[in-house]
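Structure data follow from target11.csv (CSV, C-alpha atoms and all ligand atoms):
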```csv
chain,number,residue,atom,x,y,z
A,1,MET,CA,29.1,-5.2,31.0
A,2,ASP,CA,26.2,-4.0,33.3
A,3,VAL,CA,27.8,-3.2,36.7
A,4,ILE,CA,26.2,-3.1,40.1
A,5,ILE,CA,28.3,-2.1,43.1
A,6,ILE,CA,26.4,-2.7,46.3
A,7,THR,CA,27.4,-2.0,49.9
A,8,GLY,CA,26.3,-4.6,52.4
A,9,GLY,CA,25.7,-7.3,49.8
A,10,SER,CA,26.6,-10.0,52.3
A,11,LYS,CA,23.4,-10.3,54.2
A,12,GLY,CA,19.7,-9.3,54.3
A,13,ILE,CA,18.3,-7.0,51.6
A,14,GLY,CA,21.7,-6.4,50.0
A,15,LYS,CA,22.4,-10.1,49.6
A,16,ALA,CA,19.0,-10.6,47.9
A,17,ILE,CA,19.7,-7.6,45.6
A,18,ALA,CA,23.1,-9.0,44.7
A,19,LYS,CA,21.6,-12.4,43.9
A,20,LYS,CA,18.8,-10.9,41.8
A,21,TYR,CA,21.2,-8.9,39.6
A,22,VAL,CA,23.9,-11.5,39.3
A,23,ASN,CA,21.2,-14.0,38.1
A,24,LYS,CA,20.3,-11.5,35.5
A,25,ASN,CA,23.9,-11.5,34.3
A,26,TYR,CA,25.0,-8.2,35.8
A,27,LYS,CA,28.6,-8.0,37.1
A,28,VAL,CA,28.0,-7.5,40.8
A,29,TYR,CA,30.5,-6.3,43.4
A,30,SER,CA,29.7,-6.3,47.1
A,31,LEU,CA,31.5,-4.3,49.8
A,32,ALA,CA,30.9,-5.6,53.3
A,33,ARG,CA,32.8,-6.9,56.3
A,34,SER,CA,31.9,-10.5,55.7
A,35,THR,CA,31.1,-12.6,52.6
A,36,SER,CA,28.1,-14.7,51.6
A,37,ASP,CA,27.7,-17.9,49.7
A,38,LEU,CA,26.9,-16.1,46.4
A,39,LYS,CA,29.7,-17.5,44.3
A,40,LYS,CA,29.2,-15.3,41.2
A,41,VAL,CA,29.3,-12.1,43.2
A,42,THR,CA,32.7,-10.4,43.6
A,43,GLN,CA,32.9,-9.9,47.3
A,44,ILE,CA,35.3,-7.3,48.7
A,45,THR,CA,35.8,-7.3,52.5
A,46,VAL,CA,36.0,-3.8,54.0
A,47,ASP,CA,34.7,-2.0,57.1
A,48,LEU,CA,32.7,0.8,55.6
A,49,SER,CA,32.8,2.7,58.8
A,50,ASN,CA,36.6,3.1,58.4
A,51,LEU,CA,37.1,6.1,56.1
A,52,ASN,CA,40.6,5.4,54.9
A,53,ASP,CA,39.9,1.8,54.1
A,54,THR,CA,36.7,2.6,52.4
A,55,GLU,CA,38.1,5.3,50.2
A,56,ALA,CA,41.1,3.3,49.1
A,57,CYS,CA,39.1,0.2,48.4
A,58,PHE,CA,36.4,2.0,46.4
A,59,LYS,CA,38.8,4.0,44.3
A,60,ASN,CA,40.8,0.9,43.5
A,61,LEU,CA,37.5,-0.9,42.5
A,62,LEU,CA,36.4,1.9,40.2
A,63,GLU,CA,39.7,2.0,38.5
A,64,LYS,CA,39.5,-1.7,37.8
A,65,ILE,CA,35.9,-1.5,36.6
A,66,LYS,CA,36.7,1.4,34.2
A,67,LYS,CA,39.2,-0.8,32.3
A,68,GLN,CA,36.2,-2.8,31.0
A,69,ILE,CA,33.5,-1.8,28.5
A,70,ILE,CA,30.6,-0.6,30.6
A,71,THR,CA,27.0,-0.5,29.3
A,72,SER,CA,25.5,0.6,32.7
A,73,ILE,CA,26.8,1.2,36.2
A,74,THR,CA,24.9,1.5,39.4
A,75,LEU,CA,26.0,2.2,43.0
A,76,ILE,CA,23.6,0.9,45.6
A,77,ASN,CA,24.2,2.4,49.0
A,78,ASN,CA,22.6,-0.2,51.1
A,79,ALA,CA,24.8,-1.0,54.1
A,80,GLY,CA,23.3,0.4,57.3
A,81,ARG,CA,23.0,0.0,61.0
A,82,LEU,CA,20.5,1.0,63.7
A,83,GLY,CA,23.1,1.4,66.4
A,84,LYS,CA,22.0,1.0,69.9
A,85,ILE,CA,18.2,1.3,70.2
A,86,SER,CA,17.4,3.7,73.1
A,87,THR,CA,16.6,7.4,73.7
A,88,ILE,CA,19.4,9.7,72.9
A,89,GLU,CA,20.7,10.3,76.4
A,90,ASN,CA,21.6,6.6,76.6
A,91,LEU,CA,23.7,6.4,73.5
A,92,THR,CA,27.5,6.5,73.6
A,93,SER,CA,29.5,8.9,71.4
A,94,ASN,CA,31.2,5.9,69.8
A,95,ASP,CA,27.9,4.3,68.8
A,96,ILE,CA,26.5,7.6,67.4
A,97,THR,CA,29.7,8.2,65.4
A,98,ASN,CA,29.7,4.6,63.9
A,99,THR,CA,26.1,5.0,62.7
A,100,ILE,CA,26.7,8.4,61.2
A,101,GLN,CA,29.8,7.2,59.5
A,102,LEU,CA,28.2,4.1,58.0
A,103,ASN,CA,24.7,5.5,57.2
A,104,ILE,CA,25.6,9.0,56.1
A,105,ALA,CA,29.3,9.8,55.6
A,106,THR,CA,30.1,6.6,53.6
A,107,PRO,CA,27.2,6.9,51.2
A,108,ILE,CA,28.1,10.6,50.6
A,109,ILE,CA,31.8,9.8,50.0
A,110,LEU,CA,31.0,6.8,47.7
A,111,THR,CA,28.5,8.9,45.7
A,112,SER,CA,31.1,11.7,45.3
A,113,LEU,CA,33.8,9.2,44.2
A,114,PHE,CA,31.4,7.4,41.9
A,115,ILE,CA,30.2,10.5,40.1
A,116,LYS,CA,33.8,11.9,39.7
A,117,SER,CA,35.2,8.6,38.5
A,118,THR,CA,32.4,7.9,35.9
A,119,GLN,CA,32.2,11.5,34.5
A,120,SER,CA,33.7,10.5,31.2
A,121,ILE,CA,31.6,7.3,30.8
A,122,THR,CA,28.5,7.7,28.7
A,123,CYS,CA,26.0,5.0,29.6
A,124,LYS,CA,23.2,4.6,32.1
A,125,LYS,CA,24.7,5.7,35.5
A,126,GLN,CA,22.8,5.8,38.7
A,127,VAL,CA,23.0,5.8,42.5
A,128,ILE,CA,20.2,4.0,44.4
A,129,ASN,CA,20.1,4.8,48.1
A,130,ILE,CA,18.3,2.4,50.4
A,131,SER,CA,16.6,4.7,52.8
A,132,SER,CA,13.7,4.0,55.2
A,133,GLY,CA,10.3,5.3,56.2
A,134,ALA,CA,12.2,6.3,59.4
A,135,ALA,CA,13.4,9.2,57.3
A,136,THR,CA,10.0,10.9,57.7
A,137,LYS,CA,8.6,9.3,60.9
A,138,PRO,CA,10.3,9.9,64.2
A,139,TYR,CA,10.6,6.6,66.2
A,140,GLU,CA,11.5,7.1,69.8
A,141,GLY,CA,14.8,5.1,70.3
A,142,TRP,CA,16.0,5.6,66.7
A,143,SER,CA,17.1,9.2,66.8
A,144,VAL,CA,20.4,8.7,65.0
A,145,TYR,CA,19.0,6.2,62.5
A,146,CYS,CA,16.0,8.4,61.6
A,147,THR,CA,18.3,11.4,61.2
A,148,SER,CA,20.7,9.4,59.0
A,149,LYS,CA,17.9,8.3,56.7
A,150,ALA,CA,16.5,11.8,56.5
A,151,ALA,CA,20.0,12.9,55.5
A,152,ILE,CA,20.1,10.2,52.8
A,153,ASP,CA,16.9,11.5,51.3
A,154,MET,CA,18.3,15.0,51.1
A,155,LEU,CA,21.5,13.7,49.6
A,156,THR,CA,19.4,12.0,47.0
A,157,LYS,CA,17.5,15.2,46.2
A,158,THR,CA,20.5,17.5,46.1
A,159,VAL,CA,22.7,15.2,44.0
A,160,ALA,CA,19.8,14.7,41.6
A,161,SER,CA,19.4,18.5,41.2
A,162,GLU,CA,23.1,18.9,40.5
A,163,GLN,CA,23.2,16.0,38.0
A,164,LYS,CA,20.1,17.2,36.2
A,165,LEU,CA,22.1,20.3,35.2
A,166,ILE,CA,24.8,18.4,33.3
A,167,LYS,CA,24.9,16.3,30.2
A,168,ASN,CA,25.3,12.6,30.8
A,169,GLY,CA,24.5,13.0,34.6
A,170,VAL,CA,24.0,10.3,37.1
A,171,LYS,CA,20.4,9.4,38.2
A,172,CYS,CA,20.0,9.4,42.0
A,173,ILE,CA,17.0,7.9,43.7
A,174,ALA,CA,16.1,6.7,47.2
A,175,LEU,CA,13.9,3.7,48.0
A,176,TYR,CA,12.1,2.7,51.3
A,177,PRO,CA,12.1,-1.1,51.3
A,178,GLY,CA,9.2,-1.5,53.9
A,179,VAL,CA,9.6,-3.7,56.9
A,180,VAL,CA,11.8,-6.6,55.8
A,181,ASP,CA,12.7,-9.9,57.5
A,182,THR,CA,16.4,-9.4,58.2
A,183,ASN,CA,18.9,-9.3,61.1
A,184,MET,CA,18.0,-5.6,61.5
A,185,GLN,CA,14.4,-6.7,62.4
A,186,SER,CA,15.7,-9.4,64.8
A,187,GLN,CA,17.8,-6.7,66.6
A,188,ILE,CA,14.6,-4.5,66.9
A,189,ARG,CA,12.6,-7.4,68.4
A,190,GLU,CA,15.4,-8.2,70.9
A,191,THR,CA,15.2,-4.6,72.4
A,192,SER,CA,13.4,-4.0,75.6
A,193,GLU,CA,10.2,-2.0,75.7
A,194,SER,CA,11.8,0.6,78.0
A,195,ASP,CA,14.3,1.4,75.2
A,196,PHE,CA,11.8,1.1,72.3
A,197,LYS,CA,8.2,1.9,72.8
A,198,ASN,CA,7.1,0.7,69.4
A,199,LEU,CA,8.5,-2.8,70.1
A,200,GLN,CA,5.1,-4.6,70.1
A,201,ARG,CA,4.3,-3.3,66.6
A,202,PHE,CA,7.4,-5.0,65.2
A,203,ILE,CA,6.8,-8.2,67.1
A,204,ASN,CA,3.3,-8.3,65.7
A,205,LEU,CA,4.5,-7.8,62.1
A,206,LYS,CA,6.8,-10.8,62.5
A,207,GLU,CA,4.2,-13.0,64.2
A,208,ASN,CA,1.5,-12.1,61.7
A,209,LYS,CA,3.9,-12.9,58.9
A,210,GLU,CA,3.6,-9.3,57.6
A,211,LEU,CA,7.3,-8.7,57.0
A,212,TYR,CA,8.5,-8.4,53.4
A,213,THR,CA,10.9,-11.1,52.3
A,214,THR,CA,14.3,-9.9,51.0
A,215,GLU,CA,13.5,-11.7,47.7
A,216,PHE,CA,10.3,-9.6,47.3
A,217,VAL,CA,12.2,-6.4,48.0
A,218,ALA,CA,15.0,-7.3,45.5
A,219,ASP,CA,12.5,-8.3,42.8
A,220,THR,CA,10.7,-5.0,43.3
A,221,ILE,CA,13.8,-2.9,43.2
A,222,TYR,CA,15.0,-4.7,40.1
A,223,LYS,CA,11.7,-3.9,38.3
A,224,ILE,CA,11.7,-0.3,39.4
A,225,ASP,CA,15.2,0.0,38.1
A,226,THR,CA,15.0,-1.9,34.8
A,227,GLU,CA,11.6,-0.5,33.9
A,228,ASN,CA,12.9,3.0,34.6
A,229,ARG,CA,9.9,3.8,36.7
A,230,LEU,CA,11.3,6.7,38.7
A,231,GLU,CA,12.5,10.2,37.8
A,232,ASN,CA,15.9,11.5,38.9
A,233,GLY,CA,15.6,12.6,42.6
A,234,ALA,CA,12.6,10.4,43.4
A,235,ILE,CA,12.1,9.1,46.9
A,236,PHE,CA,9.9,6.1,46.7
A,237,ASP,CA,8.3,3.7,49.2
A,238,ILE,CA,8.2,0.3,47.6
A,239,ARG,CA,5.0,-0.4,49.5
A,240,ASN,CA,3.4,1.8,46.9
A,241,ALA,CA,4.9,-0.1,43.9
B,1,LIG,N1,15.1,-4.5,57.4
B,1,LIG,C1,14.3,-3.5,57.4
B,1,LIG,O1,13.1,-3.7,57.8
B,1,LIG,C2,14.6,-2.2,56.8
B,1,LIG,C3,13.7,-1.2,56.7
B,1,LIG,C4,14.0,0.0,56.1
B,1,LIG,C5,15.3,0.2,55.6
B,1,LIG,N2,16.2,-0.8,55.8
B,1,LIG,C6,17.6,-0.5,55.3
B,1,LIG,O2,18.0,-1.5,54.4
B,1,LIG,C7,19.4,-1.6,54.4
B,1,LIG,C8,19.8,-3.0,54.6
B,1,LIG,O3,19.3,-3.4,55.9
B,1,LIG,P1,19.1,-5.0,56.3
B,1,LIG,O4,17.8,-5.0,56.9
B,1,LIG,O5,19.3,-5.9,55.1
B,1,LIG,O6,20.2,-5.1,57.4
B,1,LIG,P2,21.2,-6.4,57.7
B,1,LIG,O7,20.5,-7.7,57.4
B,1,LIG,O8,21.6,-6.0,59.1
B,1,LIG,O9,22.4,-6.2,56.7
B,1,LIG,C9,23.2,-5.0,56.8
B,1,LIG,C10,24.3,-5.1,55.7
B,1,LIG,O10,25.1,-4.0,55.9
B,1,LIG,C11,26.5,-4.5,56.1
B,1,LIG,N3,27.2,-3.7,57.0
B,1,LIG,C12,26.9,-3.4,58.3
B,1,LIG,N4,27.9,-2.7,58.9
B,1,LIG,C13,28.9,-2.6,58.0
B,1,LIG,C14,30.2,-2.1,58.0
B,1,LIG,N5,30.7,-1.4,59.1
B,1,LIG,N6,31.0,-2.2,56.9
B,1,LIG,C15,30.5,-2.9,55.8
B,1,LIG,N7,29.3,-3.4,55.7
B,1,LIG,C16,28.5,-3.3,56.8
B,1,LIG,C17,26.3,-5.9,56.6
B,1,LIG,O11,27.5,-6.7,56.2
B,1,LIG,P3,28.6,-7.2,57.1
B,1,LIG,O12,27.9,-7.5,58.5
B,1,LIG,O13,29.1,-8.4,56.4
B,1,LIG,O14,29.6,-6.1,57.2
B,1,LIG,C18,25.1,-6.4,55.9
B,1,LIG,O15,25.4,-6.9,54.6
B,1,LIG,C19,19.9,-0.6,55.5
B,1,LIG,O16,20.3,0.6,55.0
B,1,LIG,C20,18.6,-0.4,56.3
B,1,LIG,O17,18.7,0.8,57.0
B,1,LIG,C21,15.9,-2.0,56.3
```
Take the structure in this file and express it as structure tokens.
Ligand SMILES: NC(=O)c1ccc[n+]([C@@H]2O[C@H](COP(=O)([O-])OP(=O)(O)OC[C@H]3O[C@@H](n4cnc5c(N)ncnc54)[C@H](OP(=O)(O)O)[C@@H]3O)[C@@H](O)[C@H]2O)c1
Amino acid sequence: MDVIIITGGSKGIGKAIAKKYVNKNYKVYSLARSTSDLKKVTQITVDLSNLNDTEACFKNLLEKIKKQIITSITLINNAGRLGKISTIENLTSNDITNTIQLNIATPIILTSLFIKSTQSITCKKQVINISSGAATKPYEGWSVYCTSKAAIDMLTKTVASEQKLIKNGVKCIALYPGVVDTNMQSQIRETSESDFKNLQRFINLKENKELYTTEFVADTIYKIDTENRLENGAIFDIRNA
């Protein structure tokens, strides 16, 4: 059984990735607060910004999966949020904490549990982190989001370095999906220019039909993965695929 565990497989990029892999006969598990219409995907509802629920749910899932014969297993850390878009003095502590928890703490915890739990399994094992060009480009109004994606990139590099040192280690890569037509982009376009000075660029991308479709992103990620195009620790912008 080839296994994919994806966070945020209910909507947007995550849903398209879940659909792509399930149609290729992978066993796909999605962890999100809501479910989608993808019947063949096992959908587990959990708020990934709640530490206790997330840990219990993920441990339980890994235990169940390990009872099967596994030929490959991949964790895709995809769920993410922008949080309120505005300069940092206008953000609430609660909103900042939610973004840090979902975008950084949860992927770190899931990666830790995943690596620990799969130590004795010898097959293709990997963690794919969905990062963003915002990891390297500071956008005014996205301070917490940009910071969280930079952290994900460093998580990718350090975990890869650790795993390279051991036999049967886990491959860890990060992918920038480009600008993709999802709810996250709708939220960006609904912001006022006083909160987000790059607003017009994102409106133009939509109007000029320059946003990637989620299907294109999912197809590209599937190719990158199954054709084994990236080295352990790679951080790759799919616009260069
Ligand atoms: N769209 C873009 O242009 C773009 C560009 C670069 C990077 N990205 C990255 O791509 C990833 C997916 O983004 P998207 O554009 O597909 O966003 P989206 O359409 O808003 O989807 C976000 C996904 O995350 C899940 N999620 C959000 N909060 C959650 C929570 N508290 N607990 C569990 N699941 C939660 C959502 O599921 P529920 O609502 O059902 O919980 C949903 O499935 C994110 O990491 C984002 O940073 C997107």
Practice problem: Go through A:Leu91, A:Leu211, A:Val28, A:Ala160 one by one, measure the shortest atom-to-atom distance of each to ligand LIG 1 (chain B) using all atoms listed in the file, and give the residue with the smallest value. | Solution: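 Answer, going by the shortest atom-to-atom distance: A:Leu211.
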Practice problem: Let me have all residues with an atom within 9 Å of ligand LIG 1 (chain B), counting only C-alpha atoms and all ligand atoms, laid out as a PyMOL selection string. | Solution: chain A and resi 7-16+30-36+45-50+54+77-82+98-99+101-103+129-134+145+149+175-187+211-212+214
Practice problem: Take the point (21.4, 11.8, 47.6) in the file's coordinates, draw a sphere of radius 12 Å around it, and report as JSON, numbers by chain every protein, DNA or RNA residue with an atom inside or on it, counting all atoms listed in the file. | Solution: {"A": [75, 76, 77, 103, 104, 105, 106, 107, 108, 109, 110, 111, 112, 115, 126, 127, 128, 129, 130, 131, 148, 149, 150, 151, 152, 153, 154, 155, 156, 157, 158, 159, 160, 161, 162, 163, 170, 171, 172, 173, 174, 175, 232, 233, 234, 235]}
Same residues, C-alpha atoms, saved as an mmCIF file, in the frame of the given file:
```cif
data_model
loop_
_atom_site.group_PDB
_atom_site.id
_atom_site.type_symbol
_atom_site.label_atom_id
_atom_site.label_comp_id
_atom_site.auth_asym_id
_atom_site.auth_seq_id
_atom_site.Cartn_x
_atom_site.Cartn_y
_atom_site.Cartn_z
ATOM 1 C CA LEU A 75 26.000 2.200 43.000
ATOM 2 C CA ILE A 76 23.600 0.900 45.600
ATOM 3 C CA ASN A 77 24.200 2.400 49.000
ATOM 4 C CA ASN A 103 24.700 5.500 57.200
ATOM 5 C CA ILE A 104 25.600 9.000 56.100
ATOM 6 C CA ALA A 105 29.300 9.800 55.600
ATOM 7 C CA THR A 106 30.100 6.600 53.600
ATOM 8 C CA PRO A 107 27.200 6.900 51.200
ATOM 9 C CA ILE A 108 28.100 10.600 50.600
ATOM 10 C CA ILE A 109 31.800 9.800 50.000
ATOM 11 C CA LEU A 110 31.000 6.800 47.700
ATOM 12 C CA THR A 111 28.500 8.900 45.700
ATOM 13 C CA SER A 112 31.100 11.700 45.300
ATOM 14 C CA ILE A 115 30.200 10.500 40.100
ATOM 15 C CA GLN A 126 22.800 5.800 38.700
ATOM 16 C CA VAL A 127 23.000 5.800 42.500
ATOM 17 C CA ILE A 128 20.200 4.000 44.400
ATOM 18 C CA ASN A 129 20.100 4.800 48.100
ATOM 19 C CA ILE A 130 18.300 2.400 50.400
ATOM 20 C CA SER A 131 16.600 4.700 52.800
ATOM 21 C CA SER A 148 20.700 9.400 59.000
ATOM 22 C CA LYS A 149 17.900 8.300 56.700
ATOM 23 C CA ALA A 150 16.500 11.800 56.500
ATOM 24 C CA ALA A 151 20.000 12.900 55.500
ATOM 25 C CA ILE A 152 20.100 10.200 52.800
ATOM 26 C CA ASP A 153 16.900 11.500 51.300
ATOM 27 C CA MET A 154 18.300 15.000 51.100
ATOM 28 C CA LEU A 155 21.500 13.700 49.600
ATOM 29 C CA THR A 156 19.400 12.000 47.000
ATOM 30 C CA LYS A 157 17.500 15.200 46.200
ATOM 31 C CA THR A 158 20.500 17.500 46.100
ATOM 32 C CA VAL A 159 22.700 15.200 44.000
ATOM 33 C CA ALA A 160 19.800 14.700 41.600
ATOM 34 C CA SER A 161 19.400 18.500 41.200
ATOM 35 C CA GLU A 162 23.100 18.900 40.500
ATOM 36 C CA GLN A 163 23.200 16.000 38.000
ATOM 37 C CA VAL A 170 24.000 10.300 37.100
ATOM 38 C CA LYS A 171 20.400 9.400 38.200
ATOM 39 C CA CYS A 172 20.000 9.400 42.000
ATOM 40 C CA ILE A 173 17.000 7.900 43.700
ATOM 41 C CA ALA A 174 16.100 6.700 47.200
ATOM 42 C CA LEU A 175 13.900 3.700 48.000
ATOM 43 C CA ASN A 232 15.900 11.500 38.900
ATOM 44 C CA GLY A 233 15.600 12.600 42.600
ATOM 45 C CA ALA A 234 12.600 10.400 43.400
ATOM 46 C CA ILE A 235 12.100 9.100 46.900
#
```
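For the pair atom CA of Glu63 of chain A and atom CA of Ser117 of chain A, the interatomic distance is 8.0 Å.
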Quiz prompt | From A:Arg189, A:Lys197, A:Lys116, A:Lys125, residue lying nearest Tyr139 of chain A [all atoms listed in the file] | solution =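 Of A:Arg189, A:Lys197, A:Lys116, A:Lys125, the one nearest Tyr139 of chain A, counting all atoms listed in the file, is A:Lys197.
One finds atom CA of Asp219 of chain A at 27.4 Å from atom CA of Ile121 of chain A.
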Quiz prompt | Nearest-residue call for Thr191 of chain A, choices A:Leu61, A:Ser93, A:Ile203, A:Ala135, using only C-alpha atoms | solution = A:Ile203
Self-check item: Neighbours of point (23.0, -5.9, 35.3) within 12 Å, using all atoms listed in the file, written as a PyMOL selection string
Solution: chain A and resi 1-6+17-29+41+70-75+124-125+222-223+225-226
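The two atoms in question, atom CA of Leu230 of chain A and atom CA of Ala218 of chain A, are spaced 16.0 Å apart.
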Quiz item: Counting all atoms listed in the file, which of A:Asp95, A:Arg229, A:Thr118, A:Trp142 gets nearest to Leu199 of chain A?
Solution: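 Among A:Asp95, A:Arg229, A:Thr118, A:Trp142, it is A:Trp142 that comes nearest to Leu199 of chain A.
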